[in-house]
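This report refers to the structure that appears directly beneath it.
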Amino acid sequence: MRTQIQAPSAVVMVRPHHFTPNPETAADNAFQLPRPEINAEAFEARALREVDAVARTLMEHGVRVHVFDDLTRDTPDSVFPNNWFSTHQGGRIAMYPMAAPSRRGERRSDVIEMLKREYRVQEVIDYSGLEADGLFLEGTGAMILDHAERVAYVGASTRADPIILERFCTHFGFEPMVFENRDPAGHPIYHTNVILSIGTEFALLCTEVMTGAKRRDEIVARLRDAGRDVIDISWQQVTEFAGNGMELTGSAGRFYACSARSAASYTPEQRERIEASAPIVAIDVPTIELAGGSVRCMLAGIHLSRR
């Protein structure tokens, strides 16, 4: 049962037909890089091929993948749907307020209607109206949710407002565990899901960016008390998206989906410890990674019961 709780067997993905790194989000996303000086259509085609490769690989491993197309030019980050909604046991959906105005158009009713049609949905709680007050909480980018232990781990940043976090945790029954973090340049890290990934029996965590030793030790202890092997990754590995993978449940059991770039950054010992619980399935997404996110960001997990 715990496997099904933490590692979903279905996801939502979005195919962006006009993909490009978003200049509006570059100010606080140090992982973004300028796109290569190539033809726009060729660049967009490369991104589509990578999205399709991820979807195809997951389906080949037995994951149910719901793919939506985004044909607009106004939503350059739509390939990352995990930021605007999340799903939860008991038939509940949360919709989130996004910091960048260009990202707010990513929310789409057809995704929510599909979830209501295909899965048992009892309630949708929409926090997006708080954007008008300058309050943001960017879904499972800002929060790493331990669905089994009901804990929301959150690296403090402008994309994770404590007021909304408290409301979310109250509504959805999570305990918030917030920690301060800084990259080597002294800036808060924009999303928690590049420095922390929680599977059923392991967690990848970059402890060197956690600035409070007491809080760091509390979080490591909490993860270990939940039966997880805490695998420490370095900041250099974080820049290779080593923390931006997601455990899923396929037809042969659990596996860990990540990018080829992140998988190549793991040490032999780290790989052995991950694969003691879930085999690594790596997919190459170099074009998508120019936008500052990797495989985890591309997947909105579905934690709902099918109809």
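For the structure tokens, the naming scheme is as follows: chains receive sequential letters (A, B, ...) according to their order of presentation, residues are indexed from 1 within each chain, and ligands are indexed from 1 in presentation order.
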For stretch 15-93 of chain A against stretch 106-121 of chain A, with a cut-off of 6 Å and counting only C-alpha atoms, what is the closest atom pair and its distance in Å to one decimal for every residue that makes the cut, ordered by chain and number, as JSON lines?
{"residue": "A:Ser78", "atom": "CA", "partner": "A:Glu106", "partner_atom": "CA", "distance": 5.5}
{"residue": "A:Gly91", "atom": "CA", "partner": "A:Val121", "partner_atom": "CA", "distance": 4.1}
{"residue": "A:Arg92", "atom": "CA", "partner": "A:Val121", "partner_atom": "CA", "distance": 5.8}
Which neighbours of A:Asp133 fall inside 12 Å, counting only C-alpha atoms, when residues of the same chain fewer than 6 positions from it are skipped, and could you give them as a ChimeraX atom specification? /A:97-99,127,161,163-164
Output file for the residues above (all heavy atoms, as a CSV table (one decimal), in the first residue's frame):
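Generated output (part-v6.csv):
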chain,number,residue,atom,x,y,z
A,97,PRO,N,-1.2,29.0,-6.9
A,97,PRO,CA,-0.8,30.4,-7.4
A,97,PRO,C,0.6,30.4,-7.9
A,97,PRO,O,1.5,29.9,-7.2
A,97,PRO,CB,-1.0,31.3,-6.2
A,97,PRO,CG,-0.8,30.4,-5.0
A,97,PRO,CD,-1.2,29.0,-5.4
A,98,MET,N,0.8,30.9,-9.1
A,98,MET,CA,2.1,30.9,-9.7
A,98,MET,C,2.8,32.3,-9.7
A,98,MET,O,2.1,33.3,-9.9
A,98,MET,CB,2.0,30.4,-11.2
A,98,MET,CG,1.2,29.1,-11.3
A,98,MET,SD,2.1,27.7,-10.8
A,98,MET,CE,3.1,27.4,-12.2
A,99,ALA,N,4.1,32.3,-9.4
A,99,ALA,CA,4.8,33.6,-9.3
A,99,ALA,C,4.9,34.4,-10.6
A,99,ALA,O,4.6,35.6,-10.6
A,99,ALA,CB,6.2,33.4,-8.7
A,127,TYR,N,-6.2,27.6,-4.9
A,127,TYR,CA,-5.5,28.7,-4.2
A,127,TYR,C,-5.1,29.8,-5.2
A,127,TYR,O,-4.5,30.8,-4.7
A,127,TYR,CB,-4.3,28.1,-3.5
A,127,TYR,CG,-4.6,27.1,-2.4
A,127,TYR,CD1,-4.4,25.7,-2.7
A,127,TYR,CD2,-5.1,27.4,-1.2
A,127,TYR,CE1,-4.7,24.7,-1.8
A,127,TYR,CE2,-5.4,26.4,-0.2
A,127,TYR,CZ,-5.2,25.1,-0.6
A,127,TYR,OH,-5.4,24.1,0.4
A,161,ASP,N,5.2,30.5,-0.3
A,161,ASP,CA,4.7,31.5,0.7
A,161,ASP,C,4.2,30.7,1.9
A,161,ASP,O,3.4,29.7,1.8
A,161,ASP,CB,3.6,32.3,0.2
A,161,ASP,CG,3.2,33.4,1.2
A,161,ASP,OD1,3.8,34.4,1.3
A,161,ASP,OD2,2.2,33.1,2.0
A,163,ILE,N,2.1,31.5,4.3
A,163,ILE,CA,0.6,31.6,4.5
A,163,ILE,C,-0.1,30.5,3.8
A,163,ILE,O,-1.0,29.8,4.3
A,163,ILE,CB,0.1,33.0,4.2
A,163,ILE,CG1,0.8,34.0,5.1
A,163,ILE,CG2,-1.4,33.0,4.3
A,163,ILE,CD1,0.4,35.4,4.8
A,164,ILE,N,0.2,30.4,2.5
A,164,ILE,CA,-0.5,29.4,1.6
A,164,ILE,C,-0.1,28.0,2.0
A,164,ILE,O,-0.9,27.1,2.0
A,164,ILE,CB,-0.3,29.6,0.1
A,164,ILE,CG1,-0.5,31.0,-0.3
A,164,ILE,CG2,-1.2,28.7,-0.7
A,164,ILE,CD1,-0.2,31.3,-1.7
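Among the candidate residues A:Ala300, A:Ala213, A:Met177, A:Leu130, the one lying nearest to A:Thr87 is A:Ala300, with distances computed using only C-alpha atoms.
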Could you tell me which of A:Arg224, A:Asp183, A:Ser197, A:Cys169 comes closest to A:Val209 if we count only C-alpha atoms? A:Asp183
Could you tell me how far atom CA of A:Asp77 sits from atom CA of A:Leu204, in Å to one decimal place?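 Distance reported for this atom pair: 24.8 Å.
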Can you pull out every residue from stretch 72-259 of chain A that DSSP, working from the backbone, puts in strand (DSSP E), and format the result as JSON, numbers by chain? {"A": [85, 86, 87, 88, 92, 93, 94, 95, 123, 124, 125, 126, 143, 144, 145, 146, 151, 152, 153, 154, 155, 175, 176, 177, 178, 179, 196, 197, 198, 202, 203, 204, 205, 229, 230, 231, 232, 246, 247, 248, 249, 250, 253, 254, 255, 256, 257, 258, 259]}
